[in-house]
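**Q** As input, take final.cif (mmCIF, C-alpha atoms and all ligand atoms):
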data_run
#
loop_
_atom_site.label_atom_id
_atom_site.label_comp_id
_atom_site.auth_asym_id
_atom_site.auth_seq_id
_atom_site.Cartn_x
_atom_site.Cartn_y
_atom_site.Cartn_z
CA MET W 1 11.57 -4.84 11.03
CA SER W 2 13.15 -6.41 14.09
CA THR W 3 13.33 -9.62 15.98
CA GLY W 4 12.84 -10.63 19.58
CA ARG W 5 9.83 -10.78 21.88
CA THR W 6 8.71 -8.63 24.74
CA THR W 7 6.76 -9.15 27.91
CA THR W 8 3.14 -8.11 27.54
CA SER W 9 1.83 -5.06 29.40
CA THR W 10 -0.84 -2.52 28.56
CA ASP W 11 1.49 -0.55 26.31
CA THR W 12 3.83 -3.24 25.03
CA TYR W 13 2.88 -5.86 22.47
CA ASP W 14 4.66 -8.68 20.70
CA TYR W 15 3.40 -7.29 17.40
CA VAL W 16 2.44 -3.72 16.58
CA ILE W 17 0.88 -3.39 13.14
CA VAL W 18 0.83 0.15 11.76
CA GLY W 19 -2.13 0.67 9.38
CA GLY W 20 -5.67 -0.65 9.65
CA GLY W 21 -6.37 -1.33 5.98
CA LEU W 22 -6.96 -4.71 4.36
CA GLU W 23 -3.31 -5.73 4.74
CA GLY W 24 -2.86 -4.72 8.39
CA LEU W 25 -6.14 -6.35 9.40
CA ALA W 26 -5.36 -9.53 7.43
CA ILE W 27 -2.00 -9.71 9.22
CA ALA W 28 -3.74 -9.25 12.61
CA TRP W 29 -6.15 -12.06 11.68
CA GLY W 30 -3.26 -14.25 10.46
CA LEU W 31 -1.18 -13.74 13.62
CA THR W 32 -4.07 -14.32 16.03
CA SER W 33 -5.18 -17.36 14.01
CA ARG W 34 -1.71 -18.80 14.72
CA GLY W 35 -2.28 -18.29 18.45
CA GLU W 36 -0.55 -14.93 18.93
CA LYS W 37 -2.48 -12.89 21.50
CA SER W 38 -0.33 -9.82 21.95
CA VAL W 39 -1.20 -7.96 18.75
CA LEU W 40 -2.07 -4.27 18.35
CA VAL W 41 -3.23 -2.54 15.16
CA ILE W 42 -2.79 1.25 15.09
CA GLU W 43 -4.79 3.20 12.50
CA ARG W 44 -4.50 6.97 12.20
CA ASP W 45 -7.97 7.41 10.80
CA GLN W 46 -10.65 4.72 10.68
CA LEU W 47 -10.38 1.07 9.64
CA CYS W 48 -10.45 0.52 5.85
CA GLY W 49 -10.62 4.29 5.27
CA GLY W 50 -7.44 4.34 3.13
CA MET W 51 -7.04 2.75 -0.30
CA THR W 52 -9.01 -0.30 0.84
CA GLY W 53 -12.11 1.90 0.83
CA LYS W 54 -11.53 2.77 -2.83
CA SER W 55 -10.76 -0.64 -4.27
CA SER W 56 -12.55 -1.99 -7.34
CA GLY W 57 -12.37 -5.36 -5.63
CA VAL W 58 -11.66 -7.44 -8.72
CA VAL W 59 -10.84 -11.00 -7.63
CA ARG W 60 -8.74 -13.05 -10.07
CA ALA W 61 -5.68 -15.22 -10.48
CA HIS W 62 -4.86 -13.62 -13.82
CA TYR W 63 -1.38 -12.25 -13.23
CA GLY W 64 1.67 -12.68 -15.46
CA THR W 65 4.15 -13.44 -12.66
CA PRO W 66 3.85 -17.00 -11.30
CA SER W 67 4.25 -16.03 -7.61
CA VAL W 68 1.53 -13.37 -7.92
CA ALA W 69 -0.78 -15.68 -9.93
CA LYS W 70 -0.35 -18.27 -7.18
CA MET W 71 -1.30 -15.73 -4.51
CA GLY W 72 -4.24 -14.59 -6.64
CA TRP W 73 -5.45 -18.17 -6.94
CA LYS W 74 -5.09 -18.74 -3.20
CA GLY W 75 -6.93 -15.47 -2.59
CA THR W 76 -9.71 -16.42 -5.01
CA LYS W 77 -10.29 -19.69 -3.17
CA PHE W 78 -10.20 -17.80 0.14
CA PHE W 79 -13.19 -15.70 -0.98
CA HIS W 80 -15.15 -18.88 -1.74
CA ASP W 81 -14.29 -20.28 1.70
CA ALA W 82 -14.77 -16.97 3.58
CA PRO W 83 -18.15 -17.95 5.11
CA GLU W 84 -16.50 -20.96 6.82
CA ILE W 85 -13.24 -19.19 7.70
CA LEU W 86 -14.53 -15.76 8.74
CA GLY W 87 -18.22 -16.47 9.28
CA ASP W 88 -19.10 -13.88 6.64
CA ASP W 89 -19.36 -13.90 2.83
CA CYS W 90 -17.65 -10.47 2.84
CA GLY W 91 -19.79 -9.34 -0.09
CA PHE W 92 -18.04 -11.61 -2.59
CA ARG W 93 -19.88 -12.10 -5.89
CA ASN W 94 -18.71 -15.04 -7.99
CA CYS W 95 -19.52 -13.49 -11.38
CA GLY W 96 -16.33 -14.74 -13.08
CA TYR W 97 -13.46 -12.90 -14.73
CA MET W 98 -12.73 -12.57 -18.48
CA VAL W 99 -9.61 -11.20 -20.11
CA ALA W 100 -9.64 -10.38 -23.80
CA VAL W 101 -6.76 -9.44 -26.12
CA GLY W 102 -6.20 -8.39 -29.72
CA GLU W 103 -4.17 -10.33 -32.33
CA GLU W 104 -0.85 -8.79 -31.21
CA ASN W 105 -1.18 -10.21 -27.69
CA VAL W 106 -2.45 -13.72 -28.43
CA GLY W 107 0.99 -15.31 -27.89
CA ASN W 108 1.42 -13.55 -24.52
CA LEU W 109 -2.04 -14.56 -23.35
CA GLU W 110 -1.49 -18.20 -24.38
CA ALA W 111 1.82 -18.31 -22.48
CA THR W 112 0.26 -16.69 -19.38
CA ILE W 113 -2.74 -19.04 -19.36
CA ALA W 114 -0.45 -22.09 -19.80
CA MET W 115 1.59 -20.88 -16.79
CA GLN W 116 -1.57 -20.38 -14.70
CA GLN W 117 -3.00 -23.78 -15.67
CA GLY W 118 0.34 -25.30 -14.63
CA LEU W 119 -0.24 -23.76 -11.18
CA GLY W 120 -3.69 -25.34 -11.01
CA VAL W 121 -5.72 -22.20 -11.76
CA ASP W 122 -9.18 -22.95 -13.13
CA VAL W 123 -9.02 -20.91 -16.37
CA GLU W 124 -9.94 -21.69 -19.98
CA PHE W 125 -10.20 -20.08 -23.39
CA ILE W 126 -13.69 -19.29 -24.63
CA GLY W 127 -15.03 -18.17 -27.99
CA GLY W 128 -16.85 -14.94 -28.79
CA ASP W 129 -20.26 -16.68 -28.66
CA LYS W 130 -19.67 -17.87 -25.11
CA ALA W 131 -18.40 -14.38 -24.14
CA ARG W 132 -21.63 -12.83 -25.48
CA GLU W 133 -23.65 -15.43 -23.63
CA LEU W 134 -21.88 -14.45 -20.39
CA TRP W 135 -22.11 -10.73 -21.16
CA PRO W 136 -25.16 -10.06 -23.37
CA GLY W 137 -24.57 -7.32 -25.93
CA LEU W 138 -20.78 -7.38 -25.59
CA HIS W 139 -19.00 -6.30 -28.79
CA VAL W 140 -16.41 -9.04 -29.31
CA ASP W 141 -15.16 -8.37 -32.87
CA ASP W 142 -11.99 -6.61 -31.64
CA PHE W 143 -10.92 -9.60 -29.55
CA ALA W 144 -8.74 -12.35 -31.00
CA LYS W 145 -8.59 -14.47 -27.83
CA ILE W 146 -10.59 -14.50 -24.60
CA ALA W 147 -9.76 -16.36 -21.37
CA TYR W 148 -12.30 -17.00 -18.62
CA GLU W 149 -11.85 -17.71 -14.90
CA PRO W 150 -15.19 -19.00 -13.62
CA LEU W 151 -14.23 -18.70 -9.94
CA GLY W 152 -13.18 -15.03 -10.15
CA GLY W 153 -15.42 -12.05 -9.53
CA ARG W 154 -15.91 -9.03 -7.31
CA GLY W 155 -14.95 -8.71 -3.68
CA ASP W 156 -15.74 -5.90 -1.30
CA ALA W 157 -12.43 -4.79 0.18
CA PRO W 158 -13.82 -2.85 3.20
CA MET W 159 -16.23 -5.69 4.06
CA LEU W 160 -13.37 -8.18 3.94
CA GLY W 161 -11.16 -5.87 6.05
CA MET W 162 -13.88 -5.44 8.65
CA ALA W 163 -14.45 -9.22 8.76
CA PHE W 164 -10.72 -9.72 9.43
CA SER W 165 -10.89 -7.10 12.19
CA VAL W 166 -13.89 -8.76 13.87
CA VAL W 167 -12.26 -12.19 13.98
CA ALA W 168 -8.84 -10.78 14.94
CA ARG W 169 -10.46 -8.98 17.91
CA GLN W 170 -12.34 -12.13 18.93
CA GLN W 171 -8.97 -13.91 18.86
CA GLY W 172 -7.33 -11.32 21.13
CA ALA W 173 -6.04 -8.50 18.92
CA LYS W 174 -6.47 -4.89 20.05
CA ILE W 175 -7.23 -2.08 17.62
CA ARG W 176 -6.66 1.65 18.13
CA GLN W 177 -8.21 4.00 15.61
CA GLY W 178 -7.67 7.77 15.32
CA THR W 179 -4.05 7.25 16.42
CA THR W 180 -1.14 8.33 14.23
CA VAL W 181 2.26 6.68 14.37
CA THR W 182 4.86 9.41 13.89
CA GLY W 183 8.06 7.39 14.17
CA PHE W 184 9.88 4.57 15.95
CA THR W 185 11.70 4.04 19.22
CA ARG W 186 15.04 2.27 18.93
CA GLU W 187 17.61 0.68 21.18
CA SER W 188 20.04 3.50 20.42
CA GLU W 189 20.65 6.29 17.92
CA ALA W 190 23.21 4.17 16.03
CA ASP W 191 22.53 3.39 12.38
CA GLY W 192 20.69 0.07 12.08
CA ALA W 193 19.80 -0.03 15.80
CA ARG W 194 16.90 -2.35 16.55
CA VAL W 195 13.37 -0.90 16.54
CA THR W 196 11.70 -1.35 19.95
CA GLY W 197 8.35 0.31 19.35
CA VAL W 198 6.50 3.25 17.85
CA THR W 199 5.93 6.86 18.83
CA LEU W 200 2.44 8.34 18.58
CA GLY W 201 1.12 11.76 17.66
CA ASP W 202 0.48 12.67 21.32
CA GLY W 203 4.13 11.98 22.17
CA SER W 204 3.50 8.65 23.93
CA THR W 205 5.13 5.39 22.90
CA VAL W 206 4.05 1.76 22.48
CA GLY W 207 6.69 -0.95 22.86
CA ALA W 208 6.84 -3.81 20.37
CA GLY W 209 8.70 -7.06 19.82
CA GLN W 210 8.13 -6.53 16.12
CA VAL W 211 6.71 -3.58 14.22
CA ILE W 212 4.89 -4.37 10.99
CA LEU W 213 4.39 -1.52 8.55
CA ALA W 214 1.11 -1.98 6.71
CA THR W 215 0.72 1.63 5.71
CA GLY W 216 0.41 0.99 1.96
CA ALA W 217 0.89 4.19 -0.02
CA TRP W 218 2.19 5.93 3.13
CA ALA W 219 4.96 3.41 3.85
CA ALA W 220 7.82 5.52 2.50
CA GLN W 221 7.01 8.50 4.79
CA LEU W 222 7.38 6.45 7.97
CA GLY W 223 10.42 4.59 6.65
CA GLU W 224 12.17 7.91 6.07
CA THR W 225 11.98 8.74 9.79
CA ILE W 226 14.60 6.05 10.46
CA GLY W 227 16.50 6.33 7.21
CA LEU W 228 14.76 3.44 5.45
CA ASP W 229 14.26 3.95 1.73
CA ILE W 230 11.05 2.03 1.03
CA PRO W 231 10.45 1.99 -2.73
CA VAL W 232 6.68 2.56 -2.64
CA ARG W 233 5.06 5.44 -4.54
CA ALA W 234 1.39 6.27 -4.97
CA GLN W 235 -0.15 6.25 -8.43
CA ARG W 236 -3.46 8.03 -8.89
CA ALA W 237 -6.19 5.81 -10.39
CA GLN W 238 -9.50 7.15 -11.67
CA LEU W 239 -12.78 5.26 -11.86
CA MET W 240 -16.16 6.01 -13.37
CA LEU W 241 -19.63 4.60 -12.72
CA VAL W 242 -22.13 4.50 -15.59
CA ASP W 243 -25.87 3.94 -15.34
CA PRO W 244 -26.51 1.75 -18.40
CA GLY W 245 -30.23 2.62 -18.53
CA GLU W 246 -31.35 -0.80 -17.55
CA PRO W 247 -29.40 -2.69 -14.87
CA LEU W 248 -26.55 -4.83 -16.15
CA PRO W 249 -27.22 -8.53 -15.49
CA HIS W 250 -24.80 -10.71 -13.45
CA VAL W 251 -21.85 -10.33 -15.89
CA PRO W 252 -18.20 -11.33 -15.38
CA VAL W 253 -15.55 -8.68 -14.81
CA LEU W 254 -14.06 -7.92 -18.23
CA SER W 255 -10.43 -6.94 -18.62
CA ASP W 256 -10.32 -5.50 -22.13
CA LEU W 257 -6.66 -5.36 -23.14
CA VAL W 258 -7.50 -3.91 -26.55
CA SER W 259 -8.97 -0.65 -25.22
CA LEU W 260 -6.99 -0.99 -21.95
CA GLN W 261 -9.95 -0.80 -19.59
CA TYR W 262 -11.75 -3.04 -17.13
CA LEU W 263 -15.51 -3.20 -16.73
CA ALA W 264 -17.50 -4.70 -13.90
CA GLY W 265 -21.12 -4.88 -12.83
CA GLU W 266 -21.99 -3.13 -9.58
CA PRO W 267 -24.58 -4.70 -7.23
CA ASN W 268 -27.12 -2.02 -8.31
CA GLY W 269 -26.64 -2.75 -12.04
CA ASP W 270 -24.28 0.17 -12.82
CA ILE W 271 -21.06 -0.41 -14.79
CA LEU W 272 -17.77 0.33 -13.05
CA CYS W 273 -15.19 1.48 -15.60
CA GLY W 274 -11.52 1.36 -14.68
CA ASN W 275 -8.37 2.23 -16.58
CA SER W 276 -5.69 -0.35 -17.44
CA ASP W 277 -3.54 2.03 -19.47
CA HIS W 278 -0.49 2.75 -17.32
CA HIS W 279 1.64 4.48 -19.97
CA ASP W 280 0.97 7.93 -18.53
CA VAL W 281 1.44 7.42 -14.81
CA HIS W 282 0.14 10.09 -12.40
CA TRP W 283 2.35 9.88 -9.29
CA ALA W 284 0.42 11.42 -6.44
CA ASP W 285 0.68 12.52 -2.82
CA PRO W 286 -1.72 10.13 -1.04
CA ASP W 287 -2.69 12.97 1.35
CA ASN W 288 -3.37 15.50 -1.34
CA TYR W 289 -4.78 14.55 -4.73
CA PRO W 290 -8.00 15.30 -6.68
CA ASN W 291 -10.49 12.82 -5.25
CA LYS W 292 -12.75 12.99 -8.29
CA ALA W 293 -12.36 11.84 -11.89
CA ASP W 294 -11.13 14.54 -14.32
CA ASP W 295 -13.46 15.65 -17.12
CA ASP W 296 -11.01 14.49 -19.80
CA PHE W 297 -10.74 11.06 -18.12
CA ILE W 298 -14.54 10.75 -18.19
CA GLU W 299 -14.69 11.68 -21.88
CA TRP W 300 -11.85 9.25 -22.75
CA THR W 301 -13.44 6.45 -20.71
CA ILE W 302 -16.87 6.90 -22.32
CA GLY W 303 -15.21 6.60 -25.75
CA LYS W 304 -13.59 3.29 -24.75
CA LEU W 305 -16.77 1.98 -23.11
CA MET W 306 -18.83 2.66 -26.24
C1 LIG Y 401 -8.88 2.70 -7.17
C2 LIG Y 401 -8.34 1.37 -6.68
C3 LIG Y 401 -8.76 0.19 -7.29
C4 LIG Y 401 -8.26 -1.03 -6.84
N1 LIG Y 401 -8.73 -2.18 -7.44
C5 LIG Y 401 -8.30 -3.37 -7.00
C6 LIG Y 401 -8.83 -4.57 -7.55
O1 LIG Y 401 -9.68 -4.52 -8.42
N2 LIG Y 401 -8.38 -5.77 -7.07
C7 LIG Y 401 -7.43 -5.83 -6.09
O2 LIG Y 401 -7.05 -6.93 -5.68
N3 LIG Y 401 -6.90 -4.69 -5.55
C8 LIG Y 401 -7.32 -3.48 -5.99
N4 LIG Y 401 -6.83 -2.36 -5.43
C9 LIG Y 401 -5.74 -2.48 -4.47
C10 LIG Y 401 -6.25 -2.82 -3.07
O3 LIG Y 401 -7.39 -2.07 -2.77
C11 LIG Y 401 -5.11 -2.47 -2.13
O4 LIG Y 401 -3.98 -3.24 -2.48
C12 LIG Y 401 -5.41 -2.74 -0.68
O5 LIG Y 401 -6.66 -2.24 -0.30
C13 LIG Y 401 -4.31 -2.09 0.11
O6 LIG Y 401 -4.52 -2.32 1.47
P1 LIG Y 401 -3.48 -1.74 2.50
O7 LIG Y 401 -3.93 -2.17 3.84
O8 LIG Y 401 -2.09 -2.06 2.06
O9 LIG Y 401 -3.56 -0.13 2.32
P2 LIG Y 401 -4.67 0.95 2.90
O10 LIG Y 401 -6.03 0.41 2.79
O11 LIG Y 401 -4.33 2.20 2.23
O12 LIG Y 401 -4.27 0.94 4.44
C14 LIG Y 401 -3.15 1.63 4.93
C15 LIG Y 401 -3.63 2.30 6.23
O13 LIG Y 401 -2.51 2.86 6.89
C16 LIG Y 401 -2.97 4.00 7.57
N5 LIG Y 401 -1.82 4.82 7.92
C17 LIG Y 401 -0.99 5.46 7.07
N6 LIG Y 401 -0.03 6.10 7.74
C18 LIG Y 401 -0.27 5.86 9.07
C19 LIG Y 401 0.38 6.28 10.26
N7 LIG Y 401 1.47 7.07 10.22
N8 LIG Y 401 -0.13 5.84 11.45
C20 LIG Y 401 -1.22 5.02 11.50
N9 LIG Y 401 -1.87 4.63 10.39
C21 LIG Y 401 -1.40 5.03 9.19
C22 LIG Y 401 -3.90 4.66 6.57
O14 LIG Y 401 -4.81 5.57 7.18
C23 LIG Y 401 -4.60 3.44 5.95
O15 LIG Y 401 -5.85 3.15 6.57
C24 LIG Y 401 -7.31 -1.10 -5.81
C25 LIG Y 401 -6.90 0.08 -5.19
C26 LIG Y 401 -7.41 1.31 -5.61
C27 LIG Y 401 -6.94 2.57 -4.91
#
Would you write out, as structure tokens, the structure that this file holds?
**A**
Amino acid sequence: MSTGRTTTSTDTYDYVIVGGGLEGLAIAWGLTSRGEKSVLVIERDQLCGGMTGKSSGVVRAHYGTPSVAKMGWKGTKFFHDAPEILGDDCGFRNCGYMVAVGEENVGNLEATIAMQQGLGVDVEFIGGDKARELWPGLHVDDFAKIAYEPLGGRGDAPMLGMAFSVVARQQGAKIRQGTTVTGFTRESEADGARVTGVTLGDGSTVGAGQVILATGAWAAQLGETIGLDIPVRAQRAQLMLVDPGEPLPHVPVLSDLVSLQYLAGEPNGDILCGNSDHHDVHWADPDNYPNKADDDFIEWTIGKLM
């Protein structure tokens, strides 16, 4: 948000990161890994207690935009290397990732997979027999084409966030939890005046060479305090866990683009069912939304799962 460096004192840092979720903690790890020592993360609640704590943790490079697919591929490889980089496997399970489409989307899937292969992503097309071998009992008749990423799988977003925080702290970062940032200090009241730090809920301030907003779904609220229009809105997502009777074996994550759902095996053998149908978007207030799946969502999801 601003440039320039500051001298370090107890309440002034070169970098103040607002938000202690996966992104803020990854940034703290990234900065301290590059040798920066004057880094503070401020979290209003507890680390990874925001959306990071609710993530399905699907790890894949399957995205339709080349820049995002490239980041997804880099991220996928990062999970494989996490024990060497962070000293922790972060709960990653390399169960693979499958995406399946109906006849009407075969052309799109072929184009997307060609793009990803051009970027070096390890992804291939597989037949229904192979899909059933990977996921015993899977009903594949609705699928006209299936792609498989053997290196994808399931991450654990809070475990990864906490691993970033541990290493960032070892490398010199400071972390304050239970501390809300309410606004920014600036050089003057003039429009566009440089940000020089943050104000906290108790009225105190922390000076900063640079302020990094990593507040995810809450970014727009803080931006508004200095007239910044940050185009981030929160969309409510619902999830359901199903006990399949007998534990699901080590199956890949399945993105079923016929029924618009994703299915993944939980460590205890349950099935995690997520929705990929974004036609009817539920914009939500991230501080005030029903934190439980609706009955009609559960009924709809069971129908798709069956
Ligand atoms: C249901 C669900 C499923 C998902 N599934 C996947 C998936 O399968 N694969 C995938 O890659 N991604 C998935 N994601 C997305 C992924 O979890 C998020 O992109 C990621 O966790 C966001 O991290 P973040 O740090 O930006 O946000 P958050 O984790 O929300 O962190 C923001 C932090 O900022 C803090 N904060 C806010 N305002 C202030 C303030 N004023 N002062 C101080 N602190 C403040 C909050 O308390 C919060 O801890 C999913 C997300 C959800 C919700």
**Q** Nearest residue to ligand LIG 401 (chain Y) out of W:Ile113, W:Val258, W:Ala168, W:Leu239, using only C-alpha atoms and all ligand atoms?
**A** W:Leu239
**Q** Suppose you want the space between atom CA of W:Thr215 and atom CA of W:Ile230; what is it in Å?
**A**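 Computing it gives 11.3 Å between the two atoms.
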**Q** For W:Glu23, list every protein, DNA or RNA residue within 9 Å, evaluated using all atoms listed in the file, and leave out those in the same chain fewer than 6 positions away; present the list as a list in words.
**A** Thr52, Gly161, Ala214, Thr215 and Gly216 of chain W
**Q** Name each residue within 6 Å of ligand LIG 401 (chain Y), counting all atoms listed in the file, as a ChimeraX atom specification.
**A** /W:18-24,42-45,47-52,54-59,180-182,214-216,218,237
**Q** Go through W:Met240, W:Leu40, W:Ala173, W:Val211 and flag the residue nearest W:Asp294, using only C-alpha atoms for the distances.
**A**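 Closest to W:Asp294 of all the choices is W:Met240.
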**Q** Report, as AutoDock Vina command-line options, the centre and edge lengths in Å (one decimal) of the axis-aligned box enclosing every listed atom of stretch 289-294 of chain W, padded by 3 Å on each side.
**A**
--center_x -8.8 --center_y 13.6 --center_z -9.5 --size_x 14.0 --size_y 9.5 --size_z 15.6
**Q** Figure out the distance between atom CA of W:Asp88 and atom CA of W:Asp156, please, to one decimal in Å.
**A**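 Distance reported for this atom pair: 11.7 Å.
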**Q** Could you list, as a ChimeraX atom specification, every residue within 7 Å of stretch 140-153 of chain W, counting all atoms listed in the file and ignoring same-chain residues fewer than 4 positions away?
**A** /W:58-60,76,93-103,106,122-128,252-253
**Q** With only C-alpha atoms as the basis for distance, which of W:Leu228, W:Asn288, W:Gln46, W:Val242 is at the shortest distance from W:Thr179?
**A** W:Gln46
**Q** In terms of the shortest atom-to-atom distance over all atoms listed in the file, which of W:Val41, W:Gly155, W:Thr32, W:Cys90 is closest to W:Val206?
**A**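 Using all atoms listed in the file, W:Val206 sits closest to W:Val41.
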**Q** My list of candidates is W:Val39, W:Val198, W:Ile85, W:Leu254. Which is closest to W:Gln171 when distances are computed with all atoms listed in the file?
**A**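 That would be W:Val39, the residue with the smallest distance to W:Gln171.
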**Q** At a cut-off of 7 Å, using all atoms listed in the file, what residues contact W:Leu222? Leave out same-chain residues fewer than 3 positions from it and give the result as a PyMOL selection string.
**A** chain W and resi 183+219+225
**Q** With C-alpha atoms kept, could you save the residues just selected as a PDB file, in the frame of the given file?
**A**
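Contents of selection31.pdb, as written:
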ATOM      1  CA  GLY W 183       8.060   7.390  14.170  1.00  0.00           C
ATOM      2  CA  ALA W 219       4.960   3.410   3.850  1.00  0.00           C
ATOM      3  CA  THR W 225      11.980   8.740   9.790  1.00  0.00           C
TER       4      THR W 225
END
